[in-house]
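K.L.:
Contents of query.json (JSON, C-alpha atoms and all ligand atoms) are below:
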```
[["chain", "number", "residue", "atom", "x", "y", "z"],
["A", 1, "MET", "CA", -45.04, 21.11, -26.88],
["A", 2, "SER", "CA", -45.65, 23.27, -23.89],
["A", 3, "LEU", "CA", -48.88, 25.14, -24.01],
["A", 4, "ALA", "CA", -48.00, 27.09, -20.90],
["A", 5, "SER", "CA", -45.04, 28.75, -22.60],
["A", 6, "VAL", "CA", -46.80, 29.43, -25.86],
["A", 7, "SER", "CA", -47.51, 33.03, -26.79],
["A", 8, "PRO", "CA", -50.49, 34.00, -28.95],
["A", 9, "MET", "CA", -50.27, 32.95, -32.56],
["A", 10, "PRO", "CA", -49.67, 35.55, -35.26],
["A", 11, "HIS", "CA", -52.85, 36.34, -37.12],
["A", 12, "LYS", "CA", -51.51, 35.13, -40.44],
["A", 13, "LEU", "CA", -50.84, 31.63, -39.16],
["A", 14, "SER", "CA", -54.25, 31.18, -37.61],
["A", 15, "LEU", "CA", -56.31, 32.32, -40.57],
["A", 16, "ARG", "CA", -55.84, 29.41, -42.92],
["A", 17, "PRO", "CA", -56.57, 26.53, -40.49],
["A", 18, "VAL", "CA", -59.65, 28.29, -39.11],
["A", 19, "THR", "CA", -61.01, 28.77, -42.61],
["A", 20, "VAL", "CA", -60.39, 25.14, -43.52],
["A", 21, "VAL", "CA", -62.08, 23.87, -40.37],
["A", 22, "ALA", "CA", -65.04, 26.20, -40.86],
["A", 23, "LEU", "CA", -65.45, 24.99, -44.43],
["A", 24, "LEU", "CA", -65.31, 21.35, -43.38],
["A", 25, "LEU", "CA", -67.91, 21.92, -40.70],
["A", 26, "SER", "CA", -70.25, 23.82, -42.98],
["A", 27, "CYS", "CA", -70.06, 21.05, -45.62],
["A", 28, "ALA", "CA", -70.50, 18.24, -43.13],
["A", 29, "PRO", "CA", -74.33, 18.25, -42.87],
["A", 30, "PHE", "CA", -74.63, 17.82, -46.64],
["A", 31, "ALA", "CA", -71.87, 15.27, -47.09],
["A", 32, "HIS", "CA", -72.78, 13.11, -44.09],
["A", 33, "ALA", "CA", -76.42, 13.81, -43.29],
["A", 34, "GLN", "CA", -76.71, 10.48, -41.44],
["A", 35, "GLN", "CA", -73.69, 10.91, -39.16],
["A", 36, "SER", "CA", -73.11, 14.54, -38.26],
["A", 37, "GLN", "CA", -69.76, 15.28, -36.63],
["A", 38, "THR", "CA", -70.51, 16.38, -33.08],
["A", 39, "GLY", "CA", -67.29, 15.42, -31.27],
["A", 40, "PRO", "CA", -63.83, 16.89, -31.75],
["A", 41, "PRO", "CA", -62.25, 16.34, -35.19],
["A", 42, "THR", "CA", -60.04, 13.37, -34.32],
["A", 43, "GLN", "CA", -59.55, 10.11, -36.17],
["A", 44, "LEU", "CA", -58.07, 6.65, -35.67],
["A", 45, "ARG", "CA", -54.95, 5.66, -37.58],
["A", 46, "LYS", "CA", -54.22, 1.92, -37.65],
["A", 47, "MET", "CA", -50.50, 1.19, -37.16],
["A", 48, "LYS", "CA", -50.59, -2.57, -36.43],
["A", 49, "ASP", "CA", -53.38, -5.07, -35.62],
["A", 50, "ASN", "CA", -53.14, -4.01, -31.95],
["A", 51, "ILE", "CA", -51.79, -0.45, -32.19],
["A", 52, "TYR", "CA", -53.81, 2.61, -33.19],
["A", 53, "VAL", "CA", -53.21, 6.34, -32.91],
["A", 54, "ILE", "CA", -55.94, 8.85, -32.09],
["A", 55, "GLU", "CA", -54.77, 11.86, -34.08],
["A", 56, "ASN", "CA", -56.19, 15.28, -34.91],
["A", 57, "ALA", "CA", -57.93, 15.17, -38.28],
["A", 58, "VAL", "CA", -56.21, 18.42, -39.21],
["A", 59, "THR", "CA", -52.72, 18.65, -37.73],
["A", 60, "ASN", "CA", -51.77, 22.27, -37.16],
["A", 61, "LEU", "CA", -50.94, 24.52, -34.24],
["A", 62, "GLU", "CA", -54.54, 25.69, -33.87],
["A", 63, "ASN", "CA", -55.80, 22.13, -33.42],
["A", 64, "ILE", "CA", -52.90, 21.11, -31.18],
["A", 65, "ARG", "CA", -53.92, 23.93, -28.83],
["A", 66, "LYS", "CA", -57.57, 22.88, -28.92],
["A", 67, "TYR", "CA", -57.31, 19.10, -29.00],
["A", 68, "GLY", "CA", -53.78, 18.20, -27.83],
["A", 69, "GLY", "CA", -51.27, 15.64, -29.07],
["A", 70, "ASN", "CA", -51.40, 12.09, -30.41],
["A", 71, "VAL", "CA", -52.75, 9.27, -28.22],
["A", 72, "LEU", "CA", -51.36, 5.80, -28.89],
["A", 73, "VAL", "CA", -53.77, 2.91, -28.17],
["A", 74, "TYR", "CA", -52.26, -0.52, -27.43],
["A", 75, "LEU", "CA", -54.77, -3.38, -27.35],
["A", 76, "THR", "CA", -54.03, -6.50, -25.28],
["A", 77, "PRO", "CA", -56.29, -9.44, -24.32],
["A", 78, "ASP", "CA", -56.42, -8.15, -20.74],
["A", 79, "GLY", "CA", -56.98, -4.45, -21.34],
["A", 80, "VAL", "CA", -55.76, -1.32, -23.05],
["A", 81, "ILE", "CA", -52.58, 0.70, -22.54],
["A", 82, "LEU", "CA", -52.69, 4.33, -23.68],
["A", 83, "VAL", "CA", -49.72, 6.58, -24.25],
["A", 84, "ASP", "CA", -50.75, 10.17, -23.42],
["A", 85, "CYS", "CA", -54.33, 11.40, -23.05],
["A", 86, "LYS", "CA", -54.65, 14.95, -24.46],
["A", 87, "PHE", "CA", -56.52, 17.64, -22.47],
["A", 88, "GLU", "CA", -59.25, 16.65, -20.01],
["A", 89, "PRO", "CA", -62.19, 17.80, -22.26],
["A", 90, "MET", "CA", -60.98, 15.19, -24.79],
["A", 91, "HIS", "CA", -61.61, 12.33, -22.33],
["A", 92, "ASP", "CA", -64.98, 11.18, -23.73],
["A", 93, "ASP", "CA", -63.72, 11.30, -27.31],
["A", 94, "ILE", "CA", -60.70, 9.13, -26.41],
["A", 95, "VAL", "CA", -62.87, 6.64, -24.50],
["A", 96, "SER", "CA", -65.38, 6.34, -27.36],
["A", 97, "LYS", "CA", -62.57, 5.80, -29.91],
["A", 98, "VAL", "CA", -61.12, 3.04, -27.69],
["A", 99, "LYS", "CA", -64.59, 1.48, -27.30],
["A", 100, "SER", "CA", -64.90, 1.32, -31.09],
["A", 101, "LEU", "CA", -61.84, -1.00, -31.05],
["A", 102, "THR", "CA", -62.37, -3.19, -27.96],
["A", 103, "ASP", "CA", -64.68, -3.79, -25.01],
["A", 104, "LYS", "CA", -61.67, -4.10, -22.67],
["A", 105, "ALA", "CA", -60.98, -1.41, -20.07],
["A", 106, "ILE", "CA", -58.20, 1.20, -20.23],
["A", 107, "LYS", "CA", -55.80, -0.23, -17.61],
["A", 108, "TYR", "CA", -52.74, 2.01, -17.93],
["A", 109, "VAL", "CA", -51.95, 5.48, -19.22],
["A", 110, "ILE", "CA", -48.24, 6.17, -19.78],
["A", 111, "LEU", "CA", -47.39, 9.89, -20.00],
["A", 112, "THR", "CA", -44.50, 10.82, -22.33],
["A", 113, "HIS", "CA", -44.00, 14.05, -20.34],
["A", 114, "ASN", "CA", -45.74, 16.61, -18.15],
["A", 115, "HIS", "CA", -47.21, 19.06, -20.72],
["A", 116, "ALA", "CA", -50.98, 19.53, -20.63],
["A", 117, "ASP", "CA", -51.58, 18.68, -24.30],
["A", 118, "HIS", "CA", -50.34, 15.15, -23.43],
["A", 119, "ALA", "CA", -51.05, 14.80, -19.71],
["A", 120, "GLY", "CA", -54.00, 17.13, -19.05],
["A", 121, "GLY", "CA", -56.58, 14.33, -19.13],
["A", 122, "ALA", "CA", -54.65, 12.03, -16.76],
["A", 123, "ALA", "CA", -56.60, 12.81, -13.58],
["A", 124, "LYS", "CA", -59.87, 11.89, -15.28],
["A", 125, "MET", "CA", -58.32, 8.69, -16.68],
["A", 126, "ALA", "CA", -57.24, 7.79, -13.12],
["A", 127, "ALA", "CA", -60.73, 8.56, -11.79],
["A", 128, "SER", "CA", -62.10, 6.17, -14.44],
["A", 129, "GLY", "CA", -59.90, 3.34, -13.13],
["A", 130, "ALA", "CA", -56.64, 3.57, -15.11],
["A", 131, "THR", "CA", -53.20, 3.58, -13.48],
["A", 132, "VAL", "CA", -51.17, 6.55, -14.69],
["A", 133, "ILE", "CA", -47.37, 6.27, -15.05],
["A", 134, "ILE", "CA", -44.79, 9.04, -15.56],
["A", 135, "SER", "CA", -41.04, 9.40, -14.98],
["A", 136, "THR", "CA", -40.06, 10.64, -11.52],
["A", 137, "ASP", "CA", -38.39, 13.73, -13.01],
["A", 138, "ASP", "CA", -41.52, 14.77, -14.88],
["A", 139, "LEU", "CA", -43.64, 13.89, -11.84],
["A", 140, "GLU", "CA", -41.64, 16.60, -10.06],
["A", 141, "ASN", "CA", -42.29, 18.97, -12.97],
["A", 142, "LEU", "CA", -46.02, 18.24, -12.66],
["A", 143, "ALA", "CA", -45.94, 18.73, -8.90],
["A", 144, "ARG", "CA", -44.42, 22.21, -9.34],
["A", 145, "ALA", "CA", -47.17, 23.34, -11.73],
["A", 146, "PRO", "CA", -49.61, 25.83, -10.18],
["A", 147, "ASN", "CA", -53.00, 24.44, -9.10],
["A", 148, "GLN", "CA", -51.89, 20.84, -9.61],
["A", 149, "THR", "CA", -54.23, 18.97, -7.29],
["A", 150, "TRP", "CA", -53.62, 15.47, -8.62],
["A", 151, "LEU", "CA", -50.47, 13.47, -9.41],
["A", 152, "PRO", "CA", -49.95, 10.11, -11.15],
["A", 153, "GLU", "CA", -49.88, 7.06, -8.85],
["A", 154, "VAL", "CA", -46.79, 5.43, -10.36],
["A", 155, "SER", "CA", -43.43, 6.93, -11.31],
["A", 156, "TYR", "CA", -40.15, 5.34, -12.40],
["A", 157, "SER", "CA", -36.55, 6.37, -13.09],
["A", 158, "GLN", "CA", -34.40, 5.43, -16.08],
["A", 159, "ARG", "CA", -36.13, 2.22, -17.19],
["A", 160, "ALA", "CA", -39.28, 0.26, -16.46],
["A", 161, "GLN", "CA", -41.23, -2.57, -18.02],
["A", 162, "LEU", "CA", -44.98, -2.94, -18.05],
["A", 163, "ARG", "CA", -46.66, -6.29, -18.74],
["A", 164, "LEU", "CA", -50.30, -6.83, -19.64],
["A", 165, "GLY", "CA", -52.11, -9.64, -21.45],
["A", 166, "GLY", "CA", -48.85, -11.38, -22.37],
["A", 167, "LYS", "CA", -47.41, -8.20, -23.91],
["A", 168, "ALA", "CA", -44.41, -6.22, -22.73],
["A", 169, "VAL", "CA", -43.95, -2.47, -23.02],
["A", 170, "GLU", "CA", -40.62, -0.80, -22.23],
["A", 171, "LEU", "CA", -40.31, 2.69, -20.76],
["A", 172, "ASN", "CA", -37.01, 4.53, -21.28],
["A", 173, "GLU", "CA", -36.42, 7.85, -19.55],
["A", 174, "VAL", "CA", -34.43, 10.37, -21.60],
["A", 175, "ARG", "CA", -33.70, 14.10, -21.25],
["A", 176, "GLY", "CA", -34.28, 16.62, -24.03],
["A", 177, "HIS", "CA", -37.71, 18.20, -24.53],
["A", 178, "THR", "CA", -38.11, 17.97, -20.71],
["A", 179, "ARG", "CA", -35.78, 16.40, -18.15],
["A", 180, "GLY", "CA", -37.87, 13.25, -17.83],
["A", 181, "ASP", "CA", -39.23, 12.37, -21.28],
["A", 182, "THR", "CA", -40.39, 8.78, -21.69],
["A", 183, "LEU", "CA", -39.82, 6.79, -24.89],
["A", 184, "VAL", "CA", -42.47, 4.08, -24.93],
["A", 185, "TYR", "CA", -41.19, 1.04, -26.84],
["A", 186, "PHE", "CA", -43.34, -1.83, -28.10],
["A", 187, "PRO", "CA", -40.66, -4.41, -28.99],
["A", 188, "ALA", "CA", -42.98, -7.07, -30.44],
["A", 189, "GLU", "CA", -44.50, -4.49, -32.79],
["A", 190, "ARG", "CA", -41.25, -2.56, -33.48],
["A", 191, "VAL", "CA", -43.02, 0.72, -32.70],
["A", 192, "VAL", "CA", -41.92, 3.61, -30.45],
["A", 193, "GLU", "CA", -44.06, 6.47, -29.18],
["A", 194, "SER", "CA", -41.57, 9.30, -28.66],
["A", 195, "GLY", "CA", -43.60, 12.20, -27.25],
["A", 196, "ASP", "CA", -42.24, 15.65, -28.07],
["A", 197, "LEU", "CA", -38.59, 14.95, -28.95],
["A", 198, "PHE", "CA", -39.72, 16.28, -32.29],
["A", 199, "ALA", "CA", -43.00, 16.93, -34.08],
["A", 200, "THR", "CA", -43.66, 15.97, -37.68],
["A", 201, "VAL", "CA", -45.97, 18.92, -38.31],
["A", 202, "GLU", "CA", -44.71, 21.36, -40.95],
["A", 203, "GLU", "CA", -45.52, 24.48, -38.94],
["A", 204, "LEU", "CA", -44.41, 23.16, -35.52],
["A", 205, "PRO", "CA", -40.71, 23.83, -34.80],
["A", 206, "TYR", "CA", -38.53, 21.65, -32.55],
["A", 207, "ILE", "CA", -38.66, 23.14, -29.06],
["A", 208, "VAL", "CA", -37.35, 22.34, -25.61],
["A", 209, "ASP", "CA", -38.93, 23.42, -22.34],
["A", 210, "TYR", "CA", -36.20, 24.94, -20.18],
["A", 211, "SER", "CA", -38.62, 25.39, -17.26],
["A", 212, "SER", "CA", -39.09, 21.58, -17.26],
["A", 213, "GLY", "CA", -35.35, 20.89, -17.46],
["A", 214, "GLY", "CA", -35.01, 20.31, -21.22],
["A", 215, "ASN", "CA", -32.18, 21.54, -23.41],
["A", 216, "TRP", "CA", -30.97, 21.36, -27.01],
["A", 217, "THR", "CA", -27.72, 19.55, -26.27],
["A", 218, "ASP", "CA", -29.66, 16.69, -24.73],
["A", 219, "LEU", "CA", -32.29, 16.79, -27.48],
["A", 220, "SER", "CA", -30.02, 15.28, -30.15],
["A", 221, "LYS", "CA", -28.60, 12.78, -27.62],
["A", 222, "GLU", "CA", -32.17, 11.81, -26.84],
["A", 223, "ILE", "CA", -32.88, 11.14, -30.52],
["A", 224, "ASP", "CA", -29.67, 9.06, -30.63],
["A", 225, "GLU", "CA", -31.04, 7.03, -27.70],
["A", 226, "LEU", "CA", -34.25, 6.55, -29.66],
["A", 227, "LEU", "CA", -32.26, 5.32, -32.68],
["A", 228, "LYS", "CA", -30.64, 2.61, -30.50],
["A", 229, "LEU", "CA", -34.04, 0.92, -30.17],
["A", 230, "ASP", "CA", -34.92, -1.75, -32.74],
["A", 231, "PHE", "CA", -37.97, -0.19, -34.42],
["A", 232, "ASP", "CA", -39.54, 0.37, -37.83],
["A", 233, "VAL", "CA", -41.79, 3.30, -37.03],
["A", 234, "VAL", "CA", -41.99, 6.15, -34.52],
["A", 235, "VAL", "CA", -45.21, 7.84, -33.48],
["A", 236, "PRO", "CA", -44.33, 11.41, -32.42],
["A", 237, "GLY", "CA", -46.33, 13.49, -29.98],
["A", 238, "HIS", "CA", -47.69, 15.59, -32.85],
["A", 239, "GLY", "CA", -48.02, 14.73, -36.53],
["A", 240, "PRO", "CA", -47.87, 11.55, -38.60],
["A", 241, "PRO", "CA", -45.59, 8.55, -37.89],
["A", 242, "VAL", "CA", -42.06, 8.45, -39.31],
["A", 243, "THR", "CA", -39.59, 5.73, -40.35],
["A", 244, "ARG", "CA", -36.09, 5.18, -38.94],
["A", 245, "GLN", "CA", -34.56, 6.94, -41.98],
["A", 246, "GLU", "CA", -36.75, 9.98, -41.37],
["A", 247, "VAL", "CA", -35.72, 10.03, -37.68],
["A", 248, "VAL", "CA", -32.05, 10.12, -38.75],
["A", 249, "LYS", "CA", -32.81, 13.14, -40.96],
["A", 250, "ILE", "CA", -34.64, 14.85, -38.07],
["A", 251, "ARG", "CA", -31.68, 14.24, -35.73],
["A", 252, "ASP", "CA", -29.30, 15.78, -38.30],
["A", 253, "ARG", "CA", -31.62, 18.78, -38.68],
["A", 254, "VAL", "CA", -31.81, 19.28, -34.89],
["A", 255, "VAL", "CA", -27.98, 19.30, -34.75],
["A", 256, "ALA", "CA", -27.73, 21.67, -37.75],
["A", 257, "ILE", "CA", -30.21, 24.17, -36.27],
["A", 258, "ARG", "CA", -28.51, 24.00, -32.88],
["A", 259, "GLU", "CA", -25.01, 24.61, -34.28],
["A", 260, "ARG", "CA", -26.19, 27.43, -36.58],
["A", 261, "PHE", "CA", -27.87, 29.01, -33.54],
["A", 262, "ARG", "CA", -24.63, 28.67, -31.58],
["A", 263, "ALA", "CA", -22.62, 30.31, -34.38],
["A", 264, "LEU", "CA", -25.05, 33.25, -34.64],
["A", 265, "ASN", "CA", -25.07, 33.59, -30.84],
["A", 266, "ARG", "CA", -21.25, 33.75, -30.80],
["A", 267, "GLU", "CA", -21.49, 36.49, -33.43],
["A", 268, "LYS", "CA", -23.63, 38.35, -30.85],
["A", 269, "LYS", "CA", -26.68, 38.53, -33.12],
["A", 270, "SER", "CA", -29.92, 39.68, -31.47],
["A", 271, "PRO", "CA", -32.73, 37.17, -30.76],
["A", 272, "GLU", "CA", -34.68, 38.65, -33.70],
["A", 273, "GLU", "CA", -31.70, 38.36, -36.08],
["A", 274, "ILE", "CA", -31.12, 34.76, -35.00],
["A", 275, "ARG", "CA", -34.78, 33.88, -35.49],
["A", 276, "ASP", "CA", -35.00, 35.58, -38.89],
["A", 277, "THR", "CA", -31.84, 33.82, -40.10],
["A", 278, "LEU", "CA", -33.02, 30.41, -38.92],
["A", 279, "LEU", "CA", -36.47, 31.00, -40.43],
["A", 280, "LYS", "CA", -34.81, 31.74, -43.77],
["A", 281, "GLU", "CA", -32.32, 28.87, -43.66],
["A", 282, "PHE", "CA", -34.25, 26.13, -41.83],
["A", 283, "HIS", "CA", -37.90, 27.29, -41.61],
["A", 284, "TRP", "CA", -37.29, 27.13, -37.85],
["A", 285, "GLY", "CA", -38.34, 29.86, -35.41],
["A", 286, "GLY", "CA", -42.10, 30.27, -35.84],
["A", 287, "GLU", "CA", -44.48, 29.93, -32.88],
["A", 288, "PRO", "CA", -43.98, 28.62, -30.28],
["A", 289, "ALA", "CA", -40.18, 28.68, -30.68],
["A", 290, "PRO", "CA", -39.53, 32.39, -29.82],
["A", 291, "ALA", "CA", -40.36, 31.80, -26.13],
["A", 292, "SER", "CA", -37.41, 29.42, -25.83],
["A", 293, "ILE", "CA", -34.87, 31.59, -27.69],
["A", 294, "PRO", "CA", -33.65, 33.40, -24.49],
["A", 295, "GLY", "CA", -32.91, 29.98, -22.94],
["A", 296, "MET", "CA", -31.12, 28.88, -26.10],
["A", 297, "ILE", "CA", -28.97, 32.04, -25.98],
["A", 298, "GLN", "CA", -27.89, 31.01, -22.47],
["A", 299, "GLU", "CA", -27.28, 27.38, -23.40],
["A", 300, "LEU", "CA", -25.72, 27.60, -26.85],
["A", 301, "ARG", "CA", -22.68, 29.81, -26.27],
["B", 1, "ZN", "ZN", -44.45, 18.94, -24.93]]
```
Just dump the structure as structure tokens.
Ligand SMILES: [Zn+2]
P.N.:
Amino acid sequence: MSLASVSPMPHKLSLRPVTVVALLLSCAPFAHAQQSQTGPPTQLRKMKDNIYVIENAVTNLENIRKYGGNVLVYLTPDGVILVDCKFEPMHDDIVSKVKSLTDKAIKYVILTHNHADHAGGAAKMAASGATVIISTDDLENLARAPNQTWLPEVSYSQRAQLRLGGKAVELNEVRGHTRGDTLVYFPAERVVESGDLFATVEELPYIVDYSSGGNWTDLSKEIDELLKLDFDVVVPGHGPPVTRQEVVKIRDRVVAIRERFRALNREKKSPEEIRDTLLKEFHWGGEPAPASIPGMIQELR
């Protein structure tokens, strides 16, 4: 998701997660007197013997804004490949989670796209010795961002392959959420990290970033491209992993929301009427979706 285009959350939405987090924190000293939680509330999820995901312990919009998206950790005999790296203040937490798995260095960081909740920590990763890779299209998106003083060293267009420690990782550039999204495919493990094509968080709607060249027509095509890969499980940019069958359902839902939006737009409904209808019918249209509705009105005629 794009944090830059996100407007403040409605009070109702923010209340519940804050209360839950506060409760967890206040109970922590009693439940775990020996190991008090001082770092951010993230945890490791094991996907395969050599693939882990650093995920937010509580996955909601509040925590996405504070702690960013999923980080995939790929362990090889010659070093570690990360996919995405959250915001810069999360750097030490990511490094310590990786260190709990291996003593090898982080050699590469592949960015699924240019948004700060995925790419914000990249400069610090590069300063620590990793090579950062992004698609050329999203490199241009990064370069246009205000106050961007650093850019990844390596960019690619359409397809690239990365080899480390006898393992191969495939990078496929697709357009949808932004104009240069990268699907990161681990063929030997039958796993894909898909960035923000979709989130699997209940309260996080599908969104595209028009200012980064994304659009809804390409979004479903992008999921079709993902489905062409031979995988068992997809790690999204936010939320828990999903199976191929679940990805098919998500693709169908993206198409259904898009076409319902188009129909309402052709009926000349107002942005508020469109949002209210889609909220009722699809539970789509909560934050941060409203910011992209004007772009959708232009696109989906
Ligand atoms: Zn994003």
K.L.:
Residues near Glu273 of chain A, anyone? I mean within 12 Å using all atoms listed in the file, not counting same-chain ones fewer than 4 positions away, as a ChimeraX atom specification.
P.N.:
/A:261,264-265,267-269,277-280,285,290,293
K.L.:
Applying 6 Å and all atoms listed in the file, which residues near Asn70 of chain A remain after dropping the ones on its own chain fewer than 4 positions away? List them as a list in words.
P.N.:
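Returned residues: Ile54, Glu55, Gly237 and His238 of chain A.
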K.L.:
Do you know which residues are at most 12 Å from Ser96 of chain A counting only C-alpha atoms, after dropping those on the same chain fewer than 4 positions away, and could you put them as a PyMOL selection string?
P.N.:
chain A and resi 39-40+42-44+54+90-92+100-103+105-106
K.L.:
Take atom CA of Val208 of chain A and atom CA of His283 of chain A and report the distance between them in Å, one decimal.
P.N.:
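Taking atom CA of Val208 of chain A as the start and atom CA of His283 of chain A as the end point, the length is 16.8 Å.
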K.L.:
Would you mind telling me which residue in A:Met296, A:Gly165, A:Asp232, A:Glu287 lies nearest to Arg266 of chain A when using all atoms listed in the file?
P.N.:
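With all atoms listed in the file as the atom set, the closest residue is A:Met296.
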K.L.:
Point out the residue among A:Met125, A:Ile274, A:Ile223, A:Ala119 with the least atom-to-atom distance to ligand ZN 1 (chain B), counting only C-alpha atoms and all ligand atoms.
P.N.:
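Residue with the minimum atom-to-atom distance to ligand ZN 1 (chain B): A:Ala119.
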K.L.:
Fewer than 2 positions away in the same chain doesn't count, so skip those; otherwise give me all residues within 9 Å of Glu153 of chain A, counting all atoms listed in the file, as a ChimeraX atom specification.
P.N.:
/A:126,131-134,151,155
K.L.:
Please give me, as a list of chain:residue names, the residues lying within 10 Å of ligand ZN 1 (chain B) when counting only C-alpha atoms and all ligand atoms.
P.N.:
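Selection of residues at most 10 Å from ligand ZN 1 (chain B): A:Met1, A:Ser2, A:Leu3, A:Ala4, A:Gly68, A:Gly69, A:Thr112, A:His113, A:Asn114, A:His115, A:Ala116, A:Asp117, A:His118, A:Ala119, A:His177, A:Thr178, A:Asp181, A:Gly195, A:Asp196, A:Leu197, A:Phe198, A:Ala199, A:Ile207, A:Val208, A:Asp209, A:Ser212, A:Gly237, A:His238.
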K.L.:
Between atom CA of Glu225 of chain A and atom CA of Ile81 of chain A, what distance in Å does the model show, to one decimal?
P.N.:
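Separating atom CA of Glu225 of chain A from atom CA of Ile81 of chain A is a distance of 23.0 Å.
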